[in-house]
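Novice: I'm passing along data.cif; it holds mmCIF, C-alpha atoms and all ligand atoms.
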```
data_input
loop_
_atom_site.label_atom_id
_atom_site.label_comp_id
_atom_site.auth_asym_id
_atom_site.auth_seq_id
_atom_site.Cartn_x
_atom_site.Cartn_y
_atom_site.Cartn_z
CA MET W 1 -23.75 9.19 1.44
CA SER W 2 -20.81 8.84 -0.85
CA THR W 3 -19.64 5.26 -1.23
CA ALA W 4 -17.78 4.29 -4.36
CA ALA W 5 -16.29 0.85 -3.87
CA ALA W 6 -18.79 0.11 -1.09
CA ASP W 7 -18.51 -2.98 1.08
CA ALA W 8 -17.09 -6.06 -0.60
CA PRO W 9 -15.60 -5.11 -3.95
CA ASN W 10 -16.88 -7.23 -6.79
CA ALA W 11 -13.93 -9.56 -7.18
CA THR W 12 -15.71 -11.83 -9.63
CA THR W 13 -16.16 -8.93 -11.99
CA ALA W 14 -12.48 -7.98 -12.06
CA ALA W 15 -11.49 -11.65 -12.49
CA ASP W 16 -14.02 -12.00 -15.32
CA GLN W 17 -12.82 -8.79 -16.92
CA ALA W 18 -9.24 -10.03 -16.90
CA ARG W 19 -10.29 -13.32 -18.53
CA ASP W 20 -12.43 -11.51 -21.14
CA LEU W 21 -9.62 -9.12 -21.95
CA PHE W 22 -7.25 -12.07 -22.35
CA ARG W 23 -9.67 -13.72 -24.79
CA GLU W 24 -9.95 -10.50 -26.79
CA LEU W 25 -6.18 -10.23 -26.92
CA THR W 26 -5.34 -13.80 -27.87
CA GLY W 27 -8.53 -15.47 -29.08
CA THR W 28 -7.82 -18.24 -26.58
CA THR W 29 -8.71 -19.17 -23.00
CA PRO W 30 -6.12 -18.28 -20.33
CA GLU W 31 -4.15 -21.09 -18.69
CA GLY W 32 -4.50 -19.61 -15.25
CA ALA W 33 -5.57 -16.66 -13.13
CA TRP W 34 -3.81 -14.94 -10.24
CA SER W 35 -4.56 -11.90 -8.12
CA ALA W 36 -2.99 -9.67 -5.49
CA PRO W 37 -4.55 -7.13 -3.11
CA GLY W 38 -4.03 -3.48 -2.42
CA ARG W 39 -3.25 -2.50 1.17
CA ALA W 40 -3.97 0.04 3.86
CA ASN W 41 -1.67 0.99 6.71
CA LEU W 42 -3.21 0.53 10.15
CA ILE W 43 -0.38 2.36 11.92
CA GLY W 44 3.30 3.26 11.38
CA GLU W 45 3.64 6.32 9.16
CA HIS W 46 6.98 7.71 7.94
CA THR W 47 8.70 5.02 9.97
CA ASP W 48 9.67 2.87 6.97
CA TYR W 49 12.55 4.99 5.71
CA ASN W 50 13.75 5.37 9.31
CA ASP W 51 14.37 1.60 9.49
CA GLY W 52 11.36 1.32 11.80
CA PHE W 53 8.10 -0.61 12.11
CA VAL W 54 4.90 -0.54 10.06
CA PHE W 55 1.65 -2.46 10.41
CA PRO W 56 -0.29 -2.60 7.12
CA PHE W 57 -2.93 -5.11 6.02
CA ALA W 58 -3.99 -6.44 2.63
CA ILE W 59 -7.52 -5.42 1.55
CA ALA W 60 -10.22 -7.24 -0.38
CA HIS W 61 -9.80 -4.99 -3.42
CA ARG W 62 -7.54 -6.92 -5.81
CA THR W 63 -5.82 -6.76 -9.18
CA HIS W 64 -6.46 -9.85 -11.28
CA VAL W 65 -4.34 -11.23 -14.10
CA ALA W 66 -5.18 -13.88 -16.68
CA LEU W 67 -2.13 -15.59 -18.18
CA GLY W 68 -1.21 -17.71 -21.16
CA ARG W 69 2.13 -18.94 -22.46
CA ARG W 70 3.40 -18.17 -25.96
CA ASP W 71 6.26 -19.86 -27.77
CA ASP W 72 8.09 -16.88 -29.25
CA GLY W 73 9.93 -15.59 -26.14
CA ARG W 74 7.95 -12.34 -26.07
CA ILE W 75 5.94 -10.78 -23.25
CA ARG W 76 2.72 -8.86 -23.95
CA VAL W 77 0.66 -6.97 -21.39
CA VAL W 78 -2.76 -5.36 -21.63
CA SER W 79 -5.03 -3.77 -19.01
CA THR W 80 -8.57 -2.52 -18.75
CA PHE W 81 -6.85 0.80 -17.91
CA ASP W 82 -5.36 0.93 -21.40
CA PRO W 83 -6.44 -1.71 -23.88
CA VAL W 84 -3.52 -0.97 -26.22
CA PRO W 85 -1.22 -3.97 -25.65
CA VAL W 86 2.50 -3.46 -25.04
CA GLU W 87 4.84 -6.17 -26.30
CA ILE W 88 8.58 -6.79 -26.09
CA ALA W 89 11.01 -9.72 -26.35
CA LEU W 90 11.96 -11.02 -22.90
CA ALA W 91 15.60 -10.90 -24.00
CA ASP W 92 15.28 -7.13 -24.52
CA LEU W 93 14.08 -6.33 -20.98
CA ASP W 94 17.63 -5.97 -19.63
CA ALA W 95 18.42 -3.28 -22.18
CA LEU W 96 15.13 -1.50 -21.49
CA PHE W 97 15.33 -1.17 -17.69
CA PRO W 98 16.25 1.09 -16.12
CA ALA W 99 18.04 3.17 -18.78
CA ARG W 100 15.38 3.31 -21.49
CA ARG W 101 12.24 2.91 -19.38
CA ASP W 102 10.78 6.14 -20.80
CA GLU W 103 10.15 4.28 -24.06
CA ILE W 104 7.40 2.26 -22.37
CA VAL W 105 4.02 3.73 -21.40
CA GLU W 106 4.07 4.19 -17.63
CA TRP W 107 1.50 1.61 -16.52
CA ALA W 108 3.20 -1.17 -18.52
CA ARG W 109 6.49 -0.53 -16.70
CA TYR W 110 4.92 -2.09 -13.58
CA PRO W 111 4.29 -5.60 -15.00
CA LEU W 112 7.22 -5.52 -17.44
CA GLY W 113 9.44 -4.21 -14.64
CA VAL W 114 8.40 -7.14 -12.45
CA ALA W 115 9.22 -9.59 -15.28
CA TRP W 116 12.63 -7.91 -15.60
CA ALA W 117 13.30 -7.96 -11.84
CA LEU W 118 12.26 -11.62 -11.56
CA ARG W 119 14.56 -12.64 -14.40
CA GLN W 120 17.41 -10.80 -12.67
CA ALA W 121 16.57 -12.56 -9.39
CA ALA W 122 16.48 -15.99 -11.06
CA PRO W 123 18.76 -15.71 -14.10
CA ALA W 124 19.11 -19.47 -14.58
CA ALA W 125 15.37 -20.01 -15.04
CA ASP W 126 14.13 -21.33 -18.35
CA VAL W 127 11.37 -18.86 -19.22
CA THR W 128 8.69 -18.94 -21.91
CA GLY W 129 6.91 -16.07 -23.60
CA ILE W 130 3.80 -14.81 -21.82
CA ASP W 131 0.56 -12.92 -22.41
CA LEU W 132 -0.91 -11.10 -19.38
CA ALA W 133 -4.28 -9.33 -19.13
CA PHE W 134 -5.06 -7.21 -16.06
CA ALA W 135 -8.25 -5.91 -14.45
CA SER W 136 -8.58 -4.42 -10.97
CA SER W 137 -10.97 -3.41 -8.23
CA VAL W 138 -8.28 -1.37 -6.41
CA PRO W 139 -8.97 2.35 -6.66
CA VAL W 140 -5.93 4.13 -8.14
CA GLY W 141 -4.28 6.95 -6.23
CA ALA W 142 -6.51 6.55 -3.13
CA GLY W 143 -3.51 5.44 -1.11
CA LEU W 144 -4.47 1.77 -1.35
CA SER W 145 -1.46 0.79 -3.45
CA SER W 146 -2.87 -0.32 -6.77
CA SER W 147 0.80 -0.36 -7.78
CA ALA W 148 1.70 -3.11 -5.28
CA ALA W 149 -1.40 -5.01 -6.42
CA ILE W 150 -0.38 -5.11 -10.09
CA GLU W 151 3.20 -5.93 -9.09
CA GLY W 152 2.08 -8.71 -6.76
CA ALA W 153 -0.30 -10.25 -9.29
CA THR W 154 2.44 -10.24 -11.93
CA ALA W 155 5.12 -11.60 -9.59
CA SER W 156 2.90 -14.39 -8.31
CA ALA W 157 1.77 -15.42 -11.80
CA LEU W 158 5.27 -15.43 -13.30
CA ASN W 159 6.84 -17.17 -10.30
CA ASP W 160 4.40 -20.05 -10.67
CA THR W 161 4.42 -20.22 -14.46
CA TRP W 162 8.20 -19.96 -14.82
CA ASN W 163 8.79 -22.27 -11.81
CA LEU W 164 11.13 -19.71 -10.27
CA GLY W 165 10.65 -21.06 -6.75
CA LEU W 166 11.07 -17.59 -5.21
CA ASP W 167 9.53 -17.04 -1.77
CA ARG W 168 7.08 -14.26 -1.00
CA VAL W 169 9.71 -11.89 0.35
CA ALA W 170 11.73 -12.32 -2.85
CA LEU W 171 8.59 -11.57 -4.87
CA ALA W 172 7.96 -8.44 -2.77
CA ARG W 173 11.55 -7.35 -3.42
CA ALA W 174 11.06 -7.83 -7.16
CA GLY W 175 7.94 -5.64 -6.99
CA ARG W 176 9.80 -2.93 -5.14
CA ARG W 177 12.68 -3.09 -7.60
CA ALA W 178 10.24 -2.73 -10.50
CA GLU W 179 8.65 0.29 -8.86
CA ASN W 180 11.99 1.92 -8.00
CA GLU W 181 13.98 1.18 -11.15
CA ALA W 182 11.55 0.34 -13.94
CA VAL W 183 8.86 2.89 -13.02
CA GLY W 184 11.16 5.33 -11.22
CA ALA W 185 9.16 5.81 -8.00
CA PRO W 186 11.35 5.93 -4.85
CA THR W 187 9.10 3.87 -2.55
CA GLY W 188 9.81 1.46 0.31
CA ILE W 189 8.83 -2.20 0.49
CA MET W 190 5.85 -1.99 2.87
CA ASP W 191 3.18 -2.12 0.16
CA GLN W 192 4.63 -5.15 -1.60
CA MET W 193 5.14 -7.05 1.66
CA ALA W 194 1.52 -6.40 2.69
CA SER W 195 0.22 -7.45 -0.73
CA MET W 196 2.27 -10.65 -0.73
CA LEU W 197 1.87 -11.71 2.91
CA GLY W 198 -1.66 -10.57 3.85
CA GLU W 199 -4.10 -12.94 5.52
CA ALA W 200 -7.80 -12.67 6.33
CA ASP W 201 -8.49 -10.62 9.47
CA ALA W 202 -4.77 -10.03 10.02
CA GLY W 203 -2.14 -7.31 9.74
CA ILE W 204 1.52 -7.61 8.74
CA PHE W 205 3.87 -6.38 11.46
CA LEU W 206 6.96 -5.50 9.46
CA ASP W 207 10.42 -4.55 10.65
CA CYS W 208 11.68 -2.36 7.82
CA ARG W 209 15.33 -2.92 8.83
CA SER W 210 15.42 -6.73 8.88
CA LEU W 211 12.31 -7.27 6.71
CA ASP W 212 11.12 -9.70 9.38
CA ALA W 213 7.36 -9.92 8.99
CA GLN W 214 4.83 -11.38 11.39
CA VAL W 215 1.19 -12.02 10.62
CA ILE W 216 -0.82 -10.65 13.55
CA GLU W 217 -4.46 -11.52 14.03
CA LEU W 218 -6.67 -8.43 14.18
CA GLY W 219 -9.83 -10.09 15.45
CA LEU W 220 -12.04 -7.43 13.90
CA ALA W 221 -14.89 -9.74 12.96
CA ALA W 222 -15.13 -11.23 16.45
CA ALA W 223 -15.14 -7.74 17.99
CA GLY W 224 -17.83 -6.51 15.57
CA LEU W 225 -15.46 -3.88 14.15
CA GLU W 226 -14.81 -2.67 10.64
CA LEU W 227 -12.27 -0.39 9.02
CA LEU W 228 -13.53 2.58 7.02
CA VAL W 229 -11.42 4.42 4.48
CA ILE W 230 -12.30 8.07 4.03
CA ASP W 231 -10.66 9.26 0.83
CA THR W 232 -10.55 13.06 0.95
CA GLY W 233 -9.85 13.32 -2.77
CA VAL W 234 -7.14 15.87 -1.93
CA THR W 235 -4.17 14.90 -4.09
CA HIS W 236 -0.67 14.97 -2.72
CA ALA W 237 0.80 16.42 -5.91
CA HIS W 238 2.16 19.40 -3.99
CA SER W 239 3.76 17.14 -1.39
CA THR W 240 7.06 16.49 -3.14
CA GLY W 241 8.89 19.27 -1.30
CA GLY W 242 7.24 18.47 2.02
CA TYR W 243 8.13 14.79 1.80
CA GLY W 244 11.76 15.56 0.99
CA GLU W 245 11.96 18.04 3.87
CA ARG W 246 10.63 15.41 6.30
CA ARG W 247 13.12 12.81 5.15
CA ALA W 248 15.97 15.30 5.44
CA ALA W 249 14.88 16.26 8.98
CA CYS W 250 14.87 12.57 9.98
CA GLU W 251 18.37 12.06 8.58
CA ARG W 252 19.59 15.18 10.36
CA GLY W 253 18.04 14.00 13.61
CA ALA W 254 19.67 10.57 13.36
CA GLU W 255 23.04 12.17 12.63
CA ILE W 256 22.78 14.49 15.63
CA MET W 257 21.89 11.52 17.83
CA GLY W 258 24.83 9.58 16.38
CA VAL W 259 22.77 6.60 15.18
CA PRO W 260 22.31 5.03 11.74
CA ALA W 261 18.55 5.69 11.73
CA LEU W 262 15.82 7.05 14.02
CA ARG W 263 14.82 3.45 14.67
CA ASP W 264 17.75 3.46 17.08
CA VAL W 265 16.36 6.34 19.17
CA SER W 266 13.98 5.35 21.97
CA VAL W 267 11.24 7.34 23.67
CA ALA W 268 13.55 7.58 26.71
CA ASP W 269 16.20 9.30 24.53
CA LEU W 270 13.82 12.12 23.55
CA ALA W 271 14.72 14.38 26.48
CA ARG W 272 18.35 14.34 25.33
CA ALA W 273 17.30 14.82 21.69
CA GLU W 274 15.40 17.96 22.64
CA GLN W 275 18.58 19.49 24.09
CA LEU W 276 20.62 18.72 20.98
CA MET W 277 18.51 19.92 18.05
CA ASP W 278 16.37 22.78 16.87
CA GLU W 279 12.69 22.74 17.72
CA VAL W 280 11.36 21.71 14.29
CA THR W 281 13.87 18.88 13.83
CA PHE W 282 13.04 17.68 17.32
CA ARG W 283 9.33 17.48 16.56
CA ARG W 284 10.01 15.51 13.37
CA VAL W 285 12.18 13.13 15.37
CA ARG W 286 9.59 12.85 18.13
CA HIS W 287 6.93 11.79 15.62
CA VAL W 288 9.06 8.98 14.23
CA VAL W 289 10.27 7.77 17.62
CA THR W 290 6.82 7.77 19.22
CA GLU W 291 5.21 6.31 16.07
CA ASN W 292 7.60 3.37 16.17
CA GLN W 293 6.63 2.81 19.79
CA ARG W 294 2.93 3.06 18.88
CA VAL W 295 3.34 0.29 16.30
CA LEU W 296 4.91 -1.95 18.95
CA ASP W 297 2.18 -0.96 21.42
CA THR W 298 -0.55 -1.67 18.86
CA VAL W 299 0.74 -5.19 18.25
CA ARG W 300 1.02 -5.86 21.98
CA THR W 301 -2.40 -4.36 22.72
CA LEU W 302 -4.04 -6.45 19.99
CA ARG W 303 -2.57 -9.61 21.48
CA GLU W 304 -3.43 -8.75 25.07
CA GLN W 305 -6.72 -6.88 24.80
CA GLY W 306 -8.03 -7.10 21.24
CA PRO W 307 -8.80 -4.46 18.62
CA THR W 308 -11.24 -2.32 20.61
CA ALA W 309 -8.29 -1.28 22.80
CA ILE W 310 -6.11 0.18 20.01
CA GLY W 311 -8.30 3.25 19.38
CA ASP W 312 -6.22 5.64 21.50
CA LEU W 313 -3.04 4.62 19.70
CA LEU W 314 -4.63 5.47 16.34
CA VAL W 315 -5.77 8.83 17.67
CA ALA W 316 -2.32 9.57 19.13
CA SER W 317 -0.75 8.66 15.78
CA HIS W 318 -2.94 11.21 14.04
CA ALA W 319 -2.15 13.95 16.56
CA SER W 320 1.57 13.26 16.14
CA MET W 321 1.35 13.57 12.35
CA ARG W 322 -0.76 16.70 12.62
CA ASP W 323 1.26 18.52 15.29
CA ASP W 324 4.80 17.14 15.20
CA PHE W 325 5.31 15.92 11.63
CA GLU W 326 2.88 18.51 10.20
CA ILE W 327 1.69 16.44 7.25
CA SER W 328 -2.07 16.55 7.79
CA VAL W 329 -4.52 18.82 5.96
CA PRO W 330 -7.87 20.23 7.20
CA GLU W 331 -9.83 17.58 5.28
CA LEU W 332 -7.95 14.76 7.05
CA ASP W 333 -8.38 16.40 10.46
CA THR W 334 -12.09 16.80 9.77
CA ALA W 335 -12.41 13.15 8.72
CA VAL W 336 -10.74 12.02 11.94
CA GLU W 337 -12.60 14.40 14.26
CA ALA W 338 -16.03 13.73 12.74
CA SER W 339 -15.48 9.94 12.86
CA LEU W 340 -14.50 10.06 16.51
CA ALA W 341 -17.37 12.37 17.41
CA ALA W 342 -19.79 9.93 15.74
CA GLY W 343 -18.47 7.02 17.80
CA ALA W 344 -15.47 5.57 15.95
CA VAL W 345 -13.13 3.62 18.25
CA GLY W 346 -10.13 5.30 16.65
CA ALA W 347 -9.15 7.18 13.49
CA ARG W 348 -6.05 8.58 11.84
CA MET W 349 -4.78 9.83 8.54
CA THR W 350 -3.03 7.04 6.64
CA GLY W 351 -0.33 7.25 3.99
CA GLY W 352 2.27 9.87 3.30
CA GLY W 353 0.10 12.87 4.13
CA PHE W 354 -0.69 16.24 2.53
CA GLY W 355 -3.98 14.70 1.35
CA GLY W 356 -5.10 11.15 0.61
CA ALA W 357 -7.17 9.10 3.01
CA ALA W 358 -7.97 8.62 6.68
CA ILE W 359 -8.83 5.29 8.23
CA ALA W 360 -11.36 4.77 11.02
CA LEU W 361 -12.00 1.77 13.26
CA VAL W 362 -15.76 1.60 13.68
CA ALA W 363 -18.30 -0.76 15.26
CA HIS W 364 -20.21 -2.50 12.47
CA ASP W 365 -23.54 -0.99 13.56
CA LEU W 366 -22.17 2.56 13.57
CA ILE W 367 -20.89 2.54 9.97
CA PRO W 368 -23.88 4.46 8.53
CA GLN W 369 -23.78 6.97 11.37
CA VAL W 370 -20.04 7.64 11.05
CA THR W 371 -20.30 7.84 7.26
CA ASP W 372 -23.13 10.37 7.42
CA ALA W 373 -21.33 12.42 10.07
CA VAL W 374 -18.15 12.67 7.98
CA VAL W 375 -20.08 13.58 4.83
CA ALA W 376 -21.98 16.27 6.80
CA ALA W 377 -18.79 17.65 8.35
CA PHE W 378 -17.14 17.93 4.92
CA ALA W 379 -20.19 19.74 3.54
CA ALA W 380 -20.27 22.10 6.53
CA SER W 381 -16.61 23.01 5.92
CA GLY W 382 -17.14 23.51 2.19
CA PHE W 383 -14.89 20.57 1.27
CA ALA W 384 -15.61 18.39 -1.77
CA PRO W 385 -17.49 15.21 -0.73
CA PRO W 386 -15.19 12.37 0.41
CA THR W 387 -15.39 8.82 -0.90
CA ILE W 388 -16.04 6.42 1.97
CA PHE W 389 -15.86 2.63 1.90
CA THR W 390 -14.97 -0.30 4.13
CA VAL W 391 -11.75 -2.25 3.69
CA THR W 392 -11.53 -5.84 4.88
CA PRO W 393 -8.21 -7.37 5.93
CA SER W 394 -7.77 -10.16 3.36
CA ALA W 395 -5.47 -12.78 1.84
CA GLY W 396 -2.31 -11.88 -0.05
CA ALA W 397 -1.28 -12.67 -3.62
CA GLY W 398 -1.88 -16.08 -5.10
CA ARG W 399 -3.31 -18.32 -7.79
CA ASP W 400 -7.11 -18.30 -8.15
CA ALA W 401 -7.72 -20.65 -11.07
P1 LIG F 1 -1.36 3.83 -5.79
O1 LIG F 1 -1.42 4.64 -4.53
O2 LIG F 1 -2.72 3.44 -6.26
O3 LIG F 1 -0.40 2.70 -5.69
P2 LIG F 1 0.59 4.71 -7.69
O4 LIG F 1 0.82 5.99 -8.41
O5 LIG F 1 1.67 4.18 -6.83
O6 LIG F 1 -0.78 4.85 -6.88
O7 LIG F 1 0.29 3.57 -8.76
C1 LIG F 1 -0.77 3.75 -9.68
C2 LIG F 1 -0.29 3.39 -11.08
O8 LIG F 1 -0.09 1.97 -11.16
C3 LIG F 1 -1.31 3.70 -12.15
O9 LIG F 1 -1.23 5.04 -12.57
C4 LIG F 1 -0.89 2.73 -13.24
O10 LIG F 1 0.22 3.22 -13.94
C5 LIG F 1 -0.44 1.50 -12.45
N1 LIG F 1 -1.55 0.54 -12.29
C6 LIG F 1 -2.15 0.18 -11.12
N2 LIG F 1 -3.11 -0.75 -11.35
C7 LIG F 1 -3.13 -0.98 -12.67
C8 LIG F 1 -3.92 -1.83 -13.54
N3 LIG F 1 -4.88 -2.62 -13.06
N4 LIG F 1 -3.66 -1.78 -14.87
C9 LIG F 1 -2.69 -0.98 -15.34
N5 LIG F 1 -1.93 -0.18 -14.58
C10 LIG F 1 -2.13 -0.16 -13.27
MG MG F 2 1.67 2.97 -5.20
#
```
Would you mind giving the structure from this file in structure tokens?
Specialist:
Amino acid sequence: MSTAAADAPNATTAADQARDLFRELTGTTPEGAWSAPGRANLIGEHTDYNDGFVFPFAIAHRTHVALGRRDDGRIRVVSTFDPVPVEIALADLDALFPARRDEIVEWARYPLGVAWALRQAAPAADVTGIDLAFASSVPVGAGLSSSAAIEGATASALNDTWNLGLDRVALARAGRRAENEAVGAPTGIMDQMASMLGEADAGIFLDCRSLDAQVIELGLAAAGLELLVIDTGVTHAHSTGGYGERRAACERGAEIMGVPALRDVSVADLARAEQLMDEVTFRRVRHVVTENQRVLDTVRTLREQGPTAIGDLLVASHASMRDDFEISVPELDTAVEASLAAGAVGARMTGGGFGGAAIALVAHDLIPQVTDAVVAAFAASGFAPPTIFTVTPSAGAGRDA
């Protein structure tokens, strides 16, 4: 069986690594330590840019930062990913981002971009220089948003240290702004909201239009359920065109329906939509419209019946992405089908598609069985072995020490 970050990730290790790295950098002990989690999306895919609903949760894998103040007005960042520190005067951040961001090594644009976005959000704040050392247990590029984790850890640490008094939504916005403008990645705000607002055994029901967020209890532990991530290892590098085509189809569909976004189309409107648009556009629209409804149904079902009852919604979400939105790949379909055949309550691909990971809701006792079945199904199809691990809905960003 192939389990990389199996079970509970070793949080102590990443926290220790951040502190050790800080000591190496400065020769001193850090003043404080903060961390923020990665996230997985339980349901609600390609609904975010349609002003719709998503339902992610923060995971136990976290990015840790050790912090110390310095008196020269400069900010220095270092990571176990790249031990070469990057340093700049805080006063120079405004000239750097976004115009000259290419001068900074990509990973450092995340924390420096957050510092820049926070200073723009709270320009009156009296800020000191800062040293930041990062270490993480969030796998990169597995669709678990290591980017939101480093943004959240930075935002939380600087908000406290600089006494900015920004709330969690403002910190999430700063993270998104860093990712969009300092890094240059055109992403939504779901990841940052999940990383900031997560709670143990809970999901974040987010309205991407109003940014209203509700913490919804999942009740997994009480139901004896766990969430498995099956990372196919298939990269979505070739997805750029496909992603753009899907977004364009959604915009076209909304325009034909005469609404600002597909969020404003209901399941009852679909019969009319089918008359008005070509077959492919209609199927794209149908995915988004039914997926929005499935998010609402998932939240209601959790409240009324508990997590064992949401399996069919997860399965329907996968079918919709496979057949209507056409963003699945054979590895993801295999992961879902093999999980279900081995007794998973529900399973679906998660993330943008064209590769990445699937998520499966599985009874605790069936984890080994489902894992073995997926590994065997991949081998039988000649696919490279997947990486399989559990993710535990966990607390959002905050101070640890
Ligand atoms: P993901 O799906 O993991 O969020 P992204 O491409 O959005 O993938 O973000 C990954 C990038 O974020 C990394 O390539 C790196 O530049 C940056 N990053 C994430 N975590 C860290 C870390 N602990 N230290 C330094 N850089 C990090
Ligand atoms: Mg990311």
Novice: How would you write, as a list of chain:residue names, the set of residues no farther than 9 Å from ligand MG 2 (chain F) when counting all atoms listed in the file?
Specialist: W:Val140, W:Gly141, W:Gly143, W:Leu144, W:Ser145, W:Ser146, W:Ser147, W:Ala148, W:Ala149, W:Glu179, W:Ala185, W:Thr187, W:Asp191
Novice: I'd like to know which of W:Arg109, W:Arg272, W:Arg348, W:His61 is closest to Leu42 of chain W, using all atoms listed in the file.
Specialist: W:Arg348
Novice: Contacts between ligand LIG 1 (chain F) and chain W, please, where a residue of chain W counts if it comes within 10 Å (with all atoms listed in the file); show its shortest atom pair and distance in Å to one decimal, rows by chain and ascending number, as a Markdown table.
Specialist:
```
| residue | atom | partner | partner_atom | distance |
| --- | --- | --- | --- | --- |
| W:Ala14 | CA | F:LIG1 | N3 | 9.4 |
| W:Ala18 | CA | F:LIG1 | N3 | 9.4 |
| W:Gly38 | CA | F:LIG1 | O3 | 7.9 |
| W:Arg39 | CA | F:LIG1 | O3 | 9.1 |
| W:Ala40 | CA | F:LIG1 | O1 | 9.9 |
| W:Arg62 | CA | F:LIG1 | N3 | 8.8 |
| W:Thr63 | CA | F:LIG1 | N3 | 5.8 |
| W:His64 | CA | F:LIG1 | N3 | 7.6 |
| W:Val65 | CA | F:LIG1 | N3 | 8.7 |
| W:Val77 | CA | F:LIG1 | C9 | 9.1 |
| W:Val78 | CA | F:LIG1 | C9 | 7.7 |
| W:Ser79 | CA | F:LIG1 | N4 | 4.8 |
| W:Thr80 | CA | F:LIG1 | N4 | 6.3 |
| W:Phe81 | CA | F:LIG1 | N4 | 5.1 |
| W:Asp82 | CA | F:LIG1 | C9 | 6.9 |
| W:Pro83 | CA | F:LIG1 | C9 | 9.4 |
| W:Val105 | CA | F:LIG1 | O10 | 8.4 |
| W:Glu106 | CA | F:LIG1 | O10 | 5.4 |
| W:Trp107 | CA | F:LIG1 | O10 | 3.3 |
| W:Ala108 | CA | F:LIG1 | N5 | 6.5 |
| W:Arg109 | CA | F:LIG1 | O10 | 7.8 |
| W:Tyr110 | CA | F:LIG1 | C5 | 6.5 |
| W:Pro111 | CA | F:LIG1 | N5 | 8.3 |
| W:Ala133 | CA | F:LIG1 | N4 | 8.7 |
| W:Phe134 | CA | F:LIG1 | N3 | 5.5 |
| W:Ala135 | CA | F:LIG1 | N3 | 4.9 |
| W:Ser136 | CA | F:LIG1 | N3 | 4.6 |
| W:Ser137 | CA | F:LIG1 | N3 | 7.8 |
| W:Val138 | CA | F:LIG1 | N2 | 7.2 |
| W:Pro139 | CA | F:LIG1 | O2 | 6.4 |
| W:Val140 | CA | F:LIG1 | O2 | 3.8 |
| W:Gly141 | CA | F:LIG1 | O2 | 3.8 |
| W:Ala142 | CA | F:LIG1 | O1 | 5.6 |
| W:Gly143 | CA | F:LIG1 | O1 | 4.1 |
| W:Leu144 | CA | F:LIG1 | O1 | 5.3 |
| W:Ser145 | CA | F:LIG1 | O3 | 3.1 |
| W:Ser146 | CA | F:LIG1 | O2 | 3.8 |
| W:Ser147 | CA | F:LIG1 | O3 | 3.9 |
| W:Ala148 | CA | F:LIG1 | O3 | 6.2 |
| W:Ala149 | CA | F:LIG1 | N2 | 6.7 |
| W:Ile150 | CA | F:LIG1 | N2 | 5.3 |
| W:Glu151 | CA | F:LIG1 | C6 | 8.4 |
| W:Ala153 | CA | F:LIG1 | N3 | 9.7 |
| W:Glu179 | CA | F:LIG1 | O5 | 8.2 |
| W:Val183 | CA | F:LIG1 | O10 | 8.7 |
| W:Ala185 | CA | F:LIG1 | O5 | 7.8 |
| W:Thr187 | CA | F:LIG1 | O5 | 8.6 |
| W:Asp191 | CA | F:LIG1 | O3 | 8.4 |
| W:Gly351 | CA | F:LIG1 | O1 | 9.0 |
| W:Gly356 | CA | F:LIG1 | O1 | 9.1 |
```
Novice: Using all atoms listed in the file, which of W:Asp207, W:Glu255, W:Asp372, W:Asp160 sits nearest Leu296 of chain W?
Specialist: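 Using all atoms listed in the file, Leu296 of chain W sits closest to W:Asp207.
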Novice: Find the residues near segment 330-337 of chain W: any atom within 12 Å, counting all atoms listed in the file, skip ones fewer than 5 places away on the same chain, and give them as a PyMOL selection string.
Specialist: chain W and resi 228-235+311+314-323+342-362+370-388
Novice: Please, what distance in Å, to one decimal, runs between atom CA of Leu67 of chain W and atom CA of Val391 of chain W?
Specialist: 27.4 Å
Novice: Report, in Å with one decimal, the straight-line distance from atom CA of Trp34 of chain W to atom CA of Arg119 of chain W.
Specialist: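 Atom CA of Trp34 of chain W sits 19.0 Å away from atom CA of Arg119 of chain W.
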Novice: Record the distance separating atom CA of Val299 of chain W and atom CA of Val169 of chain W, expressed in Å with one decimal.
Specialist: 21.1 Å
Novice: For Ala213 of chain W, which of W:Met257, W:Arg76, W:Val54, W:Thr392 is the closest residue, counting all atoms listed in the file?
Specialist: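 When distances to Ala213 of chain W are compared using all atoms listed in the file, the smallest one comes from W:Val54.
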Novice: Please check which residues have atoms at most 10 Å from (14.7, 7.3, 22.4) in the file's coordinates, counting only C-alpha atoms, and write them as a list in words.
Specialist: Met257, Leu262, Arg263, Asp264, Val265, Ser266, Val267, Ala268, Asp269, Leu270, Ala271, Arg272, Ala273, Val285, Arg286, Val289, Thr290 and Gln293 of chain W
Novice: Could you check the closest approach to Thr390 of chain W for each of W:Ile367, W:Ala66, W:Ala170, W:Leu220 and tell me which residue wins, using all atoms listed in the file?
Specialist: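 Of W:Ile367, W:Ala66, W:Ala170, W:Leu220, the one nearest Thr390 of chain W is W:Ile367, counting all atoms listed in the file.
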Novice: Using all atoms of segment 133-146 of chain W that appear in the file, construct an axis-aligned enclosing box with 6 Å of padding on every side and provide its centre coordinates and edge lengths in Å, rounded to one decimal, as AutoDock Vina command-line options.
Specialist:
```
--center_x -6.2 --center_y -1.2 --center_z -10.1 --size_x 21.5 --size_y 28.3 --size_z 30.0
```
Novice: Please identify all polymer residues within 12 Å of Glu304 of chain W, counting only C-alpha atoms, omitting same-chain residues fewer than 4 positions from it, and present them as a ChimeraX atom specification.
Specialist: /W:216-219,297-300,308-310
Novice: Using all atoms listed in the file, pick whichever of W:Pro37, W:Gly73, W:Pro30, W:Gly203 has the shortest atom-to-atom distance to Asp126 of chain W.
Specialist: W:Gly73
